[in-house]
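Asker: Below you will find the structure I want to go over with you.
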Amino acid sequence: MKKALILLSIALLSTSAKASVAAGENLLINGTFDAEQVDFPEFWNPSSSKNVLFLRTGGPEGKKAAIVLRGDGSTSSEASARQQGLTLVAGGTYRLSAYVKTKGFKSRNGGLILHNSGWFKDVGLKALPADSDWTFLEKTFTLFPSKNREYGVAFFAVGLTGEIAVADVKLEAVSEDALKGSASQMAFVNEPRLVPVQPLLNKIPVARPELVFKFYGQLPDKPEAYECLVDVGGRIPRQSVTLHGGKVRVPLAGLPCGDYALQAVLRHKATRKAILETAYPISVIPLPEVDVSGVKPLNNLVSDLLDQPVKADSAPQTFPFCQPRAGWVFVSLASEASLADTKVMLDDAVVITAATDRREAFRELERGAHRISVSGAAAGAHLRVRSIPEIFDYPPCANSQVRENGPYDWAFMKRHILPAVTTLNGGTLPGEALPEAKALGLKWLANFNVAPVDDPAGLRQRMERHAGMTQPQYDGFTSDELFFGRATIDHYTRALWTLKNPSNRLIYTWIVGKPNISSLHTDFMSACLNASKGRGRLLFEAYCHPQTDEKAAAAYLDNMIGETMRRFNAFFPAAAAGTGIIFGNFNQIPIISLEHNPAVDFKYFLDMQVNLVANSPDFKDLATVGYWGTYYGDEELARWSFRLMRHYAVEGHTEMLSKQYGFTYAPGFIKNGDFAEGLEGWTLSPAADGSLRAETLAGYGKNSQGRWGGGSAGDTVCVMTRQPAAANRISQTAQGLKAGKAYCLQFVTADRSDVIEKKNNPRRYGIDVELEGVERIADRSFVHIDRRKGGRYEHNDNVGKVNLNRIVFRAASPAQTIVFNDGKARPGEETVINFIQLKPYFE
C-alpha cells in the first residue's frame with residue numbers, strides 16, 4: 001500500500017557543541033587550493049590580481065595547485081593571500097606547514113604566517129632563501145594571545161622582488177588544549193546531520209532491508225550516550241538504534257515493497273534531549289537477480305548483452321538478454337539489405353522499423369531480464385544489444401556565434417550527434433525535432449539557473465515552478481550550477497531535500513570542484529543522488545585545460561578527473577553510478593575556448609579525456625558521459641566530439657580514436673605560434689628597422705580572444721608596423737605534412753591600439769597569409785570578424801576585437817612554407833598576430 005510521502009525536514013535542536021578538532025585535521029579550509037571554474041581558490045582572499053597569481057598545476061610534482069606572489073621591488077609591491085576566521089587557544093601548540101618555492105625572492109617582510117587579531121604579532125615561515133625548488137617547511141610553536149581568540153593566516157610579502165610560491169598549506173592543533181579548544185570556519189558547516197548513504201532511499205532491496213545513515217557533527221557527550229529512534233509510520237515496531245562508529249544502521253525487515261515515510265530522532269539516552277529530528281521518503285523494492293553470464297564488458301562504459309545472427313524470416317525471432325543495471329541500451333539491426341516489413345521489438349515496444357535511421361535505437365531499461373524480437377529480417381542480418389551509459393549533450397539545435405561554422409540544426413544533429421546521444425539539455429527542439437526526439441526515446445531536460453543560492457525556501461519554490469517541472473515537453477531540469485568551494489551549497493542541499501516532485505521528473509545537478517568537507521558535501525551528494533527517487537545525477541564539469549606536453553596532460557587529467565571520481569566514491573558509496581563526467585567541447589575563439597595552446601591539437605586532448613573514463617578503474621559503473629558547450633565548439637570539434645562518444649560509449653572501444661586518423665597531442669608543424677618565446681623560430685623580413693617586434697598585451701588572450709581559464713595565455717603577440725613602401729613578413733616552413741590530407745590553419749589578428757585602448761571597433765584587419773600550391777577548401781575556410789557588442793566577462797563590452805582566420809586546405813607536399821604579411825594594413829597601423837595553429841583536419 002502506497003502512502004503520501006513526507007518530505008525531508010531537519011530540525012536542529014541543539015547547537016551547543018563545544019569546539020574541538022581531530023589530530024592532523026587542517027584548520028584551514030581549502031589548503032590544497034582547489035579552484036575549478038574560478039580564477040582563484042575559494043576561502044582565500046588575494047590582495048590583487050596583478051601581484052597574486054594562481055597556478056592550477058604549478059605546485060610540487062606538477063600536480064598540486066599553488067599561489068604565487070610576484071613583485072618588482074617597488075615600495076608598492078605588497079601582495080598577500082589570506083584566510084581569517086580561525087578560533088584558536090592561546091598557549092596551545094600548533095604546527096604550520098607548506099611547500100614553498102622561491103625565485104629571485106627578496107622582501108622587507110614576508111612569508112607564510114599565523115597572526116592575531118589586528119596583526120600585532122605573527123609567527124610562521126619567514127626565513128626563506130632567494131632561490132629554491134619546492135621544499136616542505138614546517139614550524140611548531142606556542143600560540144600568543146589574541147582578542148576574542150580570533151586569528152588569521154596570511155601568505156604575504158612587502159617590498160617584494162621576484163617570486164615566492166606556496167602549496168598544500170596546513171595548520172594543525174598539536175597539544176591537547178589546542179585540539180579541544182580550536183575551531184575554524186569549518187565550525188559553521190559542522191552542525192549535526194544524519195545523512196542517508198546506503199542504499200539510495202528509494203532503492204532499498206526487499207531482500208536486504210537495511211538503511212545506513214552517517215552522523216556528522218559534534219556531540220556534547222560520548223557517542224554511545226545517544227540513540228536514534230526510528231519510526232516508519234507504524235508499519236514495523238519503533239526502534240532504538242545505537243550510534244556506532246559514526247553510523248546508524250536501521251533494520252527494515254518486515255516492510256513489504258512500497259513507499260514509506262521514515263522519521264528519526266537522535267537524542268541523549270539518559271536525558272532524552274533531542275539533538276535533531278529528520279524525515280525521509282523511502283521505498284522498498286524488489287531487486288531482480290541478474291544473470292551476468294551473457295554480459296561481456298567491452299570497456300568501463302559499454303557491455304555486449306546480445307550479439308546474435310538473425311535468419312532471413314518474416315516470422316518473429318525472439319532472444320532473451322539481461323540488463324545488469326537500470327539504464328540505457330543500444331540496439332542495432334545490421335544488414336546490407338532492408339525489407340519493408342522489418343521490425344524490432346524490445347519487450348513490448350517497437351524500436352526499429354525499416355524506416356529507422358541506421359536501424360538503431362537507444363532506450364532506457366530497468367535492471368533484469370528482457371527480450372527482443374526481430375521479424376522481417378533480411379539475409380545476413382545481425383542483432384546487437386549493448387548496455388551503454390547515458391550520453392549527454394548541451395545544448396541541442398543551438399548555432400555557433402561564429403556563423404561561418406554553418407548551422408548546428410536538427411539536420412546537423414541527425415548526421416553528427418544523434419548516432420551517439422541519449423539526453424539533451426537546454427537549447428531548442430523546433431518543428432519536427434521535438435516529436436522526432438521523443439519518438440527516438442531521447443530525454444530533454446530544461447536548464448534551471450540556481451543563482452542566487454541564498455534562501456533554501458525561495459530556491460525550492462523557484463525549482464518547483466520551473467518549466468522543467470511544469471511543461472510537458474521536458475523530462476526534468478538541470479540545476480546550473482553549484483560549487484564545492486562555496487558554503488552556500490548547503491542552501492541548495494536543503495532546498496533539494498524538501499522539493500516537491502509529484503511527477504518524479506529528473507533533477508540533475510551541475511557541480512564544480514572536488515568534495516572536501518565531509519558533512520556538508522556528503523549531505524549535498526546524498527540529496528542530489530537521491531533526487532527523482534534515486535534517478536538524480538551529479539554532473540561534474542570536467543572542463544580540462546591543455547598542458548605543455550602529453551605526459552603533463554595525463555598527470556593533469558588524473559588529478560582533474562580521476563581524483564575527482566575517487567573523492568566522489570570516497571564521500572558517497574558507489575557515487576559513480578549516479579555521476580556524469582561532462583567534458584568541455586568548447587574551443588571557439590573569440591567566444592569561449594579551452595584551446596589555450598595553439599601547439600596542442602585539442603581533438604587529441606579531448607580523446608585522452610574520454611579514453612581515461614572508458615578505461616580507468618576509477619570510472620567503473622559511471623552513469624553518464626557527454627559534453628557541455630557544443631554550440632561553443634567549432635564545426636570540426638562538434639563533429640569530432642560525438643564521434644568520440646560513438647567510439648567509446650556506443651561501440652565500446654578501448655584504444656584512442658586519434659590513432660585511426662594520425663592525430664597527435666602536439667603536431668609540431670608550427671613552432672612558437674603564440675610568440676611566448678618572442679620571435680624565436682620565425683624567419684623575419686621586416687620592412688624597416690623595428691617594424692617587427694614581440695610584445696605582451698595584458699589580458700588580451702582572455703578578454704579579446706575568449707581563452708577561458710588560461711591565465712595569461714594569448715597575451716604575447718607579434719606586432720607588425722605597416723611601412724609606406726613595403727609590407728612586413730614572417731614565415732615558417734611546416735614539415736611532415738602528407739600530400740592529399742586536409743589540414744586546418746588558424747590565426748588571430750587584431751589592431752594593437754584597439755586592444756590597448758579597449759576600443760570596440762570591429763573590422764577586417766590587414767594581416768593575411770600566403771600559402772603557395774595548396775588546394776584551399778573554400779566552404780570550410782573563413783575570416784570571422786567579432787562584431788559582438790557584449791562580452792562574456794565583466795567590463796568586456798569595451799575590448800579590442802579580433803579576426804579569427806581559418807583556412808582548411810589539402811597539402812600538396814610534405815613541406816609547406818607559410819608566410820604572414822601586413823600588406824593590407826594602412827601605413828603606420830600596428831596589427832598583431834598570435835594563436836598560429838596548424839593541425840590535421842577531421843573531415
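Residues are named by chain letter and number: chains run A, B, ... in the order of the C-alpha cells, numbers start at 1 in each chain, and ligands are numbered from 1 in the order shown.
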Determine, using only C-alpha atoms, which residues of range 435-520 of chain A have any atom at most 8 Å from an atom of range 20-40 of chain A, and tabulate each with its shortest atom pair and distance in Å to one decimal place, rows ordered by chain and then rising number, as JSON lines.

Answerer:
{"residue": "A:Gly485", "atom": "CA", "partner": "A:Ala35", "partner_atom": "CA", "distance": 7.5}
{"residue": "A:Val512", "atom": "CA", "partner": "A:Glu36", "partner_atom": "CA", "distance": 5.9}
{"residue": "A:Gly513", "atom": "CA", "partner": "A:Glu36", "partner_atom": "CA", "distance": 5.0}
{"residue": "A:Lys514", "atom": "CA", "partner": "A:Asp34", "partner_atom": "CA", "distance": 7.5}
{"residue": "A:Asn516", "atom": "CA", "partner": "A:Asn30", "partner_atom": "CA", "distance": 7.9}

Asker: Could you write those residues out with N, CA, C and O atoms, as a PDB file, in the first residue's frame?

Answerer:
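Result file follows (result.pdb):
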ATOM      1  N   GLY A 485      33.396  24.547  -3.448  1.00  0.00           N
ATOM      2  CA  GLY A 485      34.187  25.531  -2.719  1.00  0.00           C
ATOM      3  C   GLY A 485      33.372  26.622  -2.063  1.00  0.00           C
ATOM      4  O   GLY A 485      33.955  27.534  -1.469  1.00  0.00           O
ATOM      5  N   VAL A 512      30.903  21.830  -9.578  1.00  0.00           N
ATOM      6  CA  VAL A 512      32.262  22.245  -9.906  1.00  0.00           C
ATOM      7  C   VAL A 512      33.169  21.922  -8.727  1.00  0.00           C
ATOM      8  O   VAL A 512      32.841  22.226  -7.579  1.00  0.00           O
ATOM      9  N   GLY A 513      34.314  21.314  -9.005  1.00  0.00           N
ATOM     10  CA  GLY A 513      35.312  21.059  -7.981  1.00  0.00           C
ATOM     11  C   GLY A 513      35.216  19.677  -7.368  1.00  0.00           C
ATOM     12  O   GLY A 513      34.483  18.804  -7.841  1.00  0.00           O
ATOM     13  N   LYS A 514      35.965  19.497  -6.277  1.00  0.00           N
ATOM     14  CA  LYS A 514      36.049  18.214  -5.581  1.00  0.00           C
ATOM     15  C   LYS A 514      35.468  18.349  -4.175  1.00  0.00           C
ATOM     16  O   LYS A 514      35.662  19.366  -3.515  1.00  0.00           O
ATOM     17  N   ASN A 516      35.362  18.117  -0.246  1.00  0.00           N
ATOM     18  CA  ASN A 516      36.441  18.118   0.751  1.00  0.00           C
ATOM     19  C   ASN A 516      35.943  18.335   2.163  1.00  0.00           C
ATOM     20  O   ASN A 516      36.717  18.235   3.103  1.00  0.00           O
TER      21      ASN A 516
END

Asker: Env of Gly152 in chain A: 8 Å cut, atoms = only C-alpha atoms, seq-sep filter 6 positions within chain, self excluded. Answer as a PyMOL selection string.

Answerer: chain A and resi 82-86+114-117

Asker: Quick one: write out the picked residues with N, CA and C atoms as a PDB file, in the first residue's frame?

Answerer:
ATOM      1  N   ARG A  82      45.023  35.681   1.986  1.00  0.00           N
ATOM      2  CA  ARG A  82      44.737  35.497   3.404  1.00  0.00           C
ATOM      3  C   ARG A  82      43.470  34.682   3.630  1.00  0.00           C
ATOM      4  N   GLN A  83      43.440  34.039   4.799  1.00  0.00           N
ATOM      5  CA  GLN A  83      42.236  33.360   5.274  1.00  0.00           C
ATOM      6  C   GLN A  83      42.083  33.677   6.755  1.00  0.00           C
ATOM      7  N   GLN A  84      40.883  34.164   7.129  1.00  0.00           N
ATOM      8  CA  GLN A  84      40.662  34.573   8.510  1.00  0.00           C
ATOM      9  C   GLN A  84      39.499  33.778   9.111  1.00  0.00           C
ATOM     10  N   GLY A  85      39.150  34.111  10.344  1.00  0.00           N
ATOM     11  CA  GLY A  85      38.028  33.453  10.990  1.00  0.00           C
ATOM     12  C   GLY A  85      38.381  32.232  11.807  1.00  0.00           C
ATOM     13  N   LEU A  86      39.667  32.068  12.154  1.00  0.00           N
ATOM     14  CA  LEU A  86      40.089  30.923  12.962  1.00  0.00           C
ATOM     15  C   LEU A  86      39.908  31.227  14.449  1.00  0.00           C
ATOM     16  N   LEU A 114      50.910  32.907  10.790  1.00  0.00           N
ATOM     17  CA  LEU A 114      49.662  32.988  11.543  1.00  0.00           C
ATOM     18  C   LEU A 114      49.724  34.266  12.372  1.00  0.00           C
ATOM     19  N   HIS A 115      48.663  35.087  12.341  1.00  0.00           N
ATOM     20  CA  HIS A 115      48.693  36.360  13.070  1.00  0.00           C
ATOM     21  C   HIS A 115      47.479  36.468  13.989  1.00  0.00           C
ATOM     22  N   ASN A 116      47.590  37.355  14.966  1.00  0.00           N
ATOM     23  CA  ASN A 116      46.478  37.587  15.884  1.00  0.00           C
ATOM     24  C   ASN A 116      45.555  38.661  15.323  1.00  0.00           C
ATOM     25  N   SER A 117      44.477  38.958  16.043  1.00  0.00           N
ATOM     26  CA  SER A 117      43.518  39.968  15.614  1.00  0.00           C
ATOM     27  C   SER A 117      44.205  41.330  15.548  1.00  0.00           C
TER      28      SER A 117
END

Asker: Would you kindly return, as a VMD selection string, each protein, DNA or RNA residue with an atom no farther than 9 Å from any atom of Val819 in chain A, considering only C-alpha atoms and excluding same-chain residues fewer than 6 positions away?

Answerer: chain A and resid 729 to 733 768 to 771

Asker: Those residues with C-alpha atoms, as a PDB file, in the first residue's frame please?

Answerer:
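The resulting file, again.pdb, is shown below:
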ATOM      1  CA  ARG A 729      56.640  39.347 -43.465  1.00  0.00           C
ATOM      2  CA  ILE A 730      57.192  36.490 -41.029  1.00  0.00           C
ATOM      3  CA  SER A 731      57.363  32.862 -42.124  1.00  0.00           C
ATOM      4  CA  GLN A 732      57.944  29.265 -41.171  1.00  0.00           C
ATOM      5  CA  THR A 733      58.128  26.060 -43.204  1.00  0.00           C
ATOM      6  CA  ASP A 768      46.979  37.958 -44.472  1.00  0.00           C
ATOM      7  CA  VAL A 769      48.601  34.591 -45.189  1.00  0.00           C
ATOM      8  CA  GLU A 770      50.401  33.260 -48.248  1.00  0.00           C
ATOM      9  CA  LEU A 771      50.029  29.512 -48.919  1.00  0.00           C
TER      10      LEU A 771
END

Asker: So that I can see what lies close to range 718-728 of chain A, please list as a short mmCIF file (atom, residue, chain, number, x, y, z; two decimals) with N, CA, C and O atoms, in the first residue's frame the residues with an atom at most 6 Å from it, counting only C-alpha atoms and leaving out residues fewer than 2 positions away in the same chain.

Answerer:
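Wrote out28.cif, looks like this:
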data_model
loop_
_atom_site.label_atom_id
_atom_site.label_comp_id
_atom_site.auth_asym_id
_atom_site.auth_seq_id
_atom_site.Cartn_x
_atom_site.Cartn_y
_atom_site.Cartn_z
N SER A 685 61.20 39.16 -42.09
CA SER A 685 61.51 40.06 -43.20
C SER A 685 60.86 41.41 -42.90
O SER A 685 59.81 41.76 -43.46
N PRO A 686 61.49 42.19 -42.00
CA PRO A 686 60.89 43.49 -41.64
C PRO A 686 61.00 44.49 -42.79
O PRO A 686 62.00 44.51 -43.52
N ALA A 687 59.99 45.30 -42.94
CA ALA A 687 60.02 46.33 -43.97
C ALA A 687 60.92 47.48 -43.57
O ALA A 687 61.36 48.26 -44.42
N SER A 691 60.19 47.34 -37.30
CA SER A 691 58.79 47.21 -37.72
C SER A 691 58.19 45.85 -37.37
O SER A 691 56.99 45.63 -37.57
N LEU A 692 59.00 44.95 -36.85
CA LEU A 692 58.52 43.67 -36.33
C LEU A 692 59.04 43.51 -34.90
O LEU A 692 60.25 43.68 -34.66
N ARG A 693 58.16 43.20 -33.99
CA ARG A 693 58.60 43.00 -32.61
C ARG A 693 57.61 42.11 -31.87
O ARG A 693 56.45 41.98 -32.28
N ALA A 694 58.06 41.52 -30.77
CA ALA A 694 57.19 40.77 -29.87
C ALA A 694 56.77 41.68 -28.73
O ALA A 694 57.53 42.57 -28.32
N ASN A 821 51.80 38.43 -43.83
CA ASN A 821 52.22 39.78 -44.18
C ASN A 821 51.14 40.77 -43.77
O ASN A 821 49.97 40.40 -43.58
N ASP A 822 51.54 42.01 -43.64
CA ASP A 822 50.59 43.07 -43.27
C ASP A 822 50.32 44.00 -44.46
O ASP A 822 50.09 45.20 -44.29
N GLY A 823 50.34 43.42 -45.66
CA GLY A 823 50.19 44.22 -46.87
C GLY A 823 48.88 44.98 -46.97
O GLY A 823 48.81 46.03 -47.62
N PRO A 827 49.35 52.33 -43.82
CA PRO A 827 50.68 52.78 -43.38
C PRO A 827 50.63 53.35 -41.97
O PRO A 827 49.76 54.15 -41.63
N GLY A 828 51.54 52.89 -41.13
CA GLY A 828 51.60 53.32 -39.74
C GLY A 828 50.75 52.49 -38.80
O GLY A 828 50.90 52.57 -37.58
N GLU A 829 49.84 51.68 -39.34
CA GLU A 829 48.96 50.87 -38.49
C GLU A 829 49.74 49.72 -37.86
O GLU A 829 50.55 49.06 -38.53
N GLU A 830 49.49 49.49 -36.58
CA GLU A 830 50.12 48.38 -35.86
C GLU A 830 49.09 47.27 -35.68
O GLU A 830 48.11 47.44 -34.96
N THR A 831 49.32 46.16 -36.35
CA THR A 831 48.44 45.00 -36.20
C THR A 831 49.20 43.89 -35.48
O THR A 831 50.45 43.84 -35.50
N VAL A 832 48.45 43.04 -34.81
CA VAL A 832 49.08 41.96 -34.03
C VAL A 832 48.54 40.62 -34.50
O VAL A 832 47.41 40.51 -35.00
N ILE A 833 49.37 39.60 -34.30
CA ILE A 833 49.00 38.23 -34.68
C ILE A 833 49.52 37.28 -33.62
O ILE A 833 50.60 37.47 -33.05
#

Asker: Find the spatial neighbours of range 807-812 of chain A, counting only C-alpha atoms, within a cut-off of 10 Å - ignore same-chain residues fewer than 2 positions away - and output them as an NGL selection string.

Answerer: :A and (737-747 or 769 or 771-783 or 805 or 814-816 or 838-841)

Asker: Using only C-alpha atoms, can you tell me which of A:Val197, A:Ala378, A:Met645, A:Ala575 comes closest to Ala623 in chain A?

Answerer: A:Ala575

Asker: Calculate how many Å separate CA of Arg371 in chain A from CA of Gly534 in chain A, rounding to one decimal.

Answerer: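 Distance between the two atoms: 25.2 Å.
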
Asker: Identify, on the basis of only C-alpha atoms, every residue whose closest approach to Tyr604 in chain A does not exceed 7 Å; exclude the query and any residue fewer than 5 positions from it along the same chain; express the result as a ChimeraX atom specification.

Answerer: /A:658,663-665

Asker: Just the residues within 10 Å of range 674-680 of chain A, please, counting only C-alpha atoms, with nothing from its chain fewer than 3 positions along; format it as a ChimeraX atom specification.

Answerer: /A:596-599,670-671,683-684,692-696,713-718,730,747-748,833-837

Asker: Using only C-alpha atoms, which of A:Val310, A:Leu160, A:Leu301, A:Ala825 sits nearest Val344 in chain A?

Answerer: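 Result for the nearest residue to Val344 in chain A: A:Val310.
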
Asker: Identify which of the residues A:Asn530, A:Thr87, A:Ser519, A:Asn447 lies closest to Trp628 in chain A, counting only C-alpha atoms when measuring atom-to-atom distances.

Answerer: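 Looking at the shortest contact to Trp628 in chain A, the residue is A:Asn447.
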
Asker: So, counting only C-alpha atoms, which residue among A:Ile164, A:Leu434, A:Val248, A:Leu211 is closest to Pro281 in chain A?

Answerer: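 The shortest atom-to-atom distance to Pro281 in chain A comes from A:Leu211.
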
Asker: When you count only C-alpha atoms, which of these residues is closest to Glu655 in chain A: A:Ala577, A:Pro145, A:Lys273, A:Asn615?

Answerer: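 Distance minimum relative to Glu655 in chain A lands on A:Asn615.
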
Asker: Ranking A:Ala734, A:Leu622, A:Thr493, A:Gly706 by minimum distance to Leu594 in chain A and counting only C-alpha atoms, which one comes first?

Answerer: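 Between A:Ala734, A:Leu622, A:Thr493, A:Gly706, the residue approaching Leu594 in chain A most closely is A:Gly706.
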
Asker: Can you tell me, as a list in words, which residues in range 169-373 of chain A count as helix (DSSP H, G or I) by DSSP?

Answerer: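 Answer for range 169-373 of chain A, restricted to helix (DSSP H, G or I): Glu176, Asp177, Ala178, Leu179, Lys180, Gly181, Gln185, Met186, Ala187, Phe188, Val189, Pro223, Glu224, Ala225, Val292, Ser293, Gly294, Asp357, Arg358 and Arg359 of chain A.
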
Asker: Please produce a file of the residues just selected, as a short mmCIF file (atom, residue, chain, number, x, y, z; two decimals), in the first residue's frame, where the atoms kept are all heavy atoms.

Answerer:
data_model
loop_
_atom_site.label_atom_id
_atom_site.label_comp_id
_atom_site.auth_asym_id
_atom_site.auth_seq_id
_atom_site.Cartn_x
_atom_site.Cartn_y
_atom_site.Cartn_z
N GLU A 176 47.00 19.07 23.59
CA GLU A 176 45.66 18.65 23.98
C GLU A 176 44.71 19.83 24.11
O GLU A 176 43.55 19.77 23.66
CB GLU A 176 45.73 17.89 25.31
CG GLU A 176 44.42 17.21 25.72
CD GLU A 176 44.01 16.08 24.77
OE1 GLU A 176 44.91 15.49 24.15
OE2 GLU A 176 42.80 15.82 24.66
N ASP A 177 45.18 20.92 24.72
CA ASP A 177 44.31 22.08 24.87
C ASP A 177 43.98 22.71 23.52
O ASP A 177 42.87 23.20 23.29
CB ASP A 177 44.92 23.12 25.82
CG ASP A 177 46.33 23.53 25.41
OD1 ASP A 177 46.95 22.83 24.58
OD2 ASP A 177 46.83 24.54 25.95
N ALA A 178 44.93 22.67 22.59
CA ALA A 178 44.67 23.20 21.24
C ALA A 178 43.67 22.34 20.49
O ALA A 178 42.77 22.84 19.80
CB ALA A 178 45.97 23.30 20.46
N LEU A 179 43.79 21.01 20.64
CA LEU A 179 42.85 20.10 19.98
C LEU A 179 41.43 20.30 20.50
O LEU A 179 40.46 20.28 19.73
CB LEU A 179 43.29 18.66 20.19
CG LEU A 179 44.53 18.19 19.41
CD1 LEU A 179 45.04 16.88 19.96
CD2 LEU A 179 44.20 18.04 17.93
N LYS A 180 41.30 20.50 21.79
CA LYS A 180 39.96 20.62 22.40
C LYS A 180 39.32 21.98 22.15
O LYS A 180 38.10 22.08 22.05
CB LYS A 180 40.06 20.36 23.90
CG LYS A 180 40.29 18.91 24.26
CD LYS A 180 40.28 18.71 25.78
CE LYS A 180 40.44 17.24 26.14
NZ LYS A 180 40.44 17.05 27.61
N GLY A 181 40.13 23.04 22.06
CA GLY A 181 39.54 24.37 22.03
C GLY A 181 39.55 25.08 20.70
O GLY A 181 39.03 26.19 20.59
N GLN A 185 36.66 28.13 10.29
CA GLN A 185 35.43 28.44 9.57
C GLN A 185 34.60 27.18 9.33
O GLN A 185 33.42 27.26 9.02
CB GLN A 185 35.76 29.10 8.23
CG GLN A 185 36.38 30.48 8.37
CD GLN A 185 36.60 31.12 7.02
OE1 GLN A 185 35.66 31.57 6.40
NE2 GLN A 185 37.84 31.15 6.58
N MET A 186 35.25 26.03 9.46
CA MET A 186 34.53 24.77 9.31
C MET A 186 33.42 24.63 10.35
O MET A 186 32.49 23.85 10.15
CB MET A 186 35.51 23.60 9.46
CG MET A 186 36.52 23.49 8.33
SD MET A 186 35.76 23.03 6.78
CE MET A 186 35.33 21.34 7.15
N ALA A 187 33.53 25.36 11.44
CA ALA A 187 32.54 25.21 12.51
C ALA A 187 31.12 25.45 12.02
O ALA A 187 30.18 24.78 12.46
CB ALA A 187 32.88 26.16 13.65
N PHE A 188 30.96 26.39 11.08
CA PHE A 188 29.60 26.70 10.65
C PHE A 188 29.02 25.63 9.74
O PHE A 188 27.83 25.66 9.44
CB PHE A 188 29.56 28.08 9.98
CG PHE A 188 30.07 28.10 8.57
CD1 PHE A 188 29.22 27.95 7.49
CD2 PHE A 188 31.42 28.33 8.33
CE1 PHE A 188 29.71 27.99 6.20
CE2 PHE A 188 31.90 28.39 7.04
CZ PHE A 188 31.04 28.22 5.97
N VAL A 189 29.85 24.70 9.28
CA VAL A 189 29.31 23.59 8.48
C VAL A 189 29.27 22.30 9.29
O VAL A 189 28.92 21.25 8.75
CB VAL A 189 30.12 23.39 7.19
CG1 VAL A 189 30.09 24.61 6.32
CG2 VAL A 189 31.56 22.98 7.49
N PRO A 223 29.64 9.29 22.01
CA PRO A 223 28.65 8.79 21.04
C PRO A 223 27.74 7.71 21.60
O PRO A 223 26.54 7.67 21.27
CB PRO A 223 29.54 8.24 19.91
CG PRO A 223 30.79 9.02 20.01
CD PRO A 223 31.01 9.27 21.47
N GLU A 224 28.28 6.82 22.45
CA GLU A 224 27.45 5.72 22.95
C GLU A 224 26.37 6.21 23.92
O GLU A 224 25.48 5.43 24.32
CB GLU A 224 28.32 4.66 23.63
CG GLU A 224 29.27 5.18 24.68
CD GLU A 224 30.64 5.52 24.13
OE1 GLU A 224 30.73 5.92 22.94
OE2 GLU A 224 31.62 5.39 24.89
N ALA A 225 26.41 7.50 24.26
CA ALA A 225 25.37 8.05 25.14
C ALA A 225 24.11 8.41 24.36
O ALA A 225 23.13 8.85 24.96
CB ALA A 225 25.90 9.27 25.87
N VAL A 292 24.65 -12.55 -15.10
CA VAL A 292 25.66 -11.80 -15.86
C VAL A 292 26.49 -12.71 -16.78
O VAL A 292 27.45 -12.25 -17.39
CB VAL A 292 26.60 -11.03 -14.91
CG1 VAL A 292 25.83 -9.99 -14.12
CG2 VAL A 292 27.34 -11.99 -13.98
N SER A 293 26.10 -13.97 -16.90
CA SER A 293 26.89 -14.89 -17.72
C SER A 293 26.92 -14.46 -19.19
O SER A 293 27.88 -14.75 -19.91
CB SER A 293 26.35 -16.31 -17.61
OG SER A 293 25.00 -16.37 -18.03
N GLY A 294 25.88 -13.77 -19.63
CA GLY A 294 25.83 -13.32 -21.02
C GLY A 294 26.31 -11.89 -21.22
O GLY A 294 26.23 -11.36 -22.33
N ASP A 357 16.38 5.46 -38.97
CA ASP A 357 17.74 5.84 -39.37
C ASP A 357 18.76 4.85 -38.83
O ASP A 357 18.77 4.53 -37.63
CB ASP A 357 18.08 7.24 -38.85
CG ASP A 357 17.38 8.34 -39.61
OD1 ASP A 357 16.85 8.06 -40.70
OD2 ASP A 357 17.33 9.48 -39.10
N ARG A 358 19.59 4.35 -39.70
CA ARG A 358 20.69 3.43 -39.37
C ARG A 358 20.21 2.12 -38.77
O ARG A 358 21.00 1.31 -38.36
CB ARG A 358 21.70 4.11 -38.42
CG ARG A 358 22.31 5.39 -38.94
CD ARG A 358 23.24 6.03 -37.92
NE ARG A 358 22.57 6.28 -36.64
CZ ARG A 358 21.77 7.32 -36.40
NH1 ARG A 358 21.56 8.22 -37.34
NH2 ARG A 358 21.19 7.47 -35.23
N ARG A 359 18.89 1.97 -38.64
CA ARG A 359 18.27 0.81 -37.96
C ARG A 359 18.94 0.59 -36.60
O ARG A 359 19.40 -0.48 -36.24
CB ARG A 359 18.36 -0.44 -38.84
CG ARG A 359 17.44 -0.35 -40.07
CD ARG A 359 17.28 -1.67 -40.76
NE ARG A 359 18.51 -2.13 -41.39
CZ ARG A 359 18.97 -1.71 -42.56
NH1 ARG A 359 18.27 -0.82 -43.24
NH2 ARG A 359 20.08 -2.20 -43.07
#

Asker: What does the structure give for the distance between CA of Gly736 in chain A and CA of Leu644 in chain A, in Å to one decimal?

Answerer: 25.6 Å

Asker: As a PyMOL selection string, which residues of range 37-265 of chain A does DSSP assign to strand (DSSP E or B)?

Answerer: chain A and resi 45-46+52-55+66-72+79-87+93-106+109-116+122-125+132-142+150-158+161-173+183+193-198+204-205+210-216+226-231+239-242+244+247-251+258-265

Asker: Provide the CA of Val158 in chain A to CA of Asp72 in chain A distance in Å, to one decimal place.

Answerer: 10.9 Å

Asker: Please report as a tab-separated table every residue of range 258-356 of chain A lying within 10 Å of range 237-244 of chain A, along with the nearest atom pair and their distance in Å (one decimal), using only C-alpha atoms.

Answerer:
residue	atom	partner	partner_atom	distance
A:Gln263	CA	A:Arg238	CA	9.9
A:Ala264	CA	A:Gln239	CA	9.5
A:Val265	CA	A:Ser240	CA	9.5
A:Leu266	CA	A:Leu243	CA	8.8
A:Lys269	CA	A:Ser240	CA	9.8
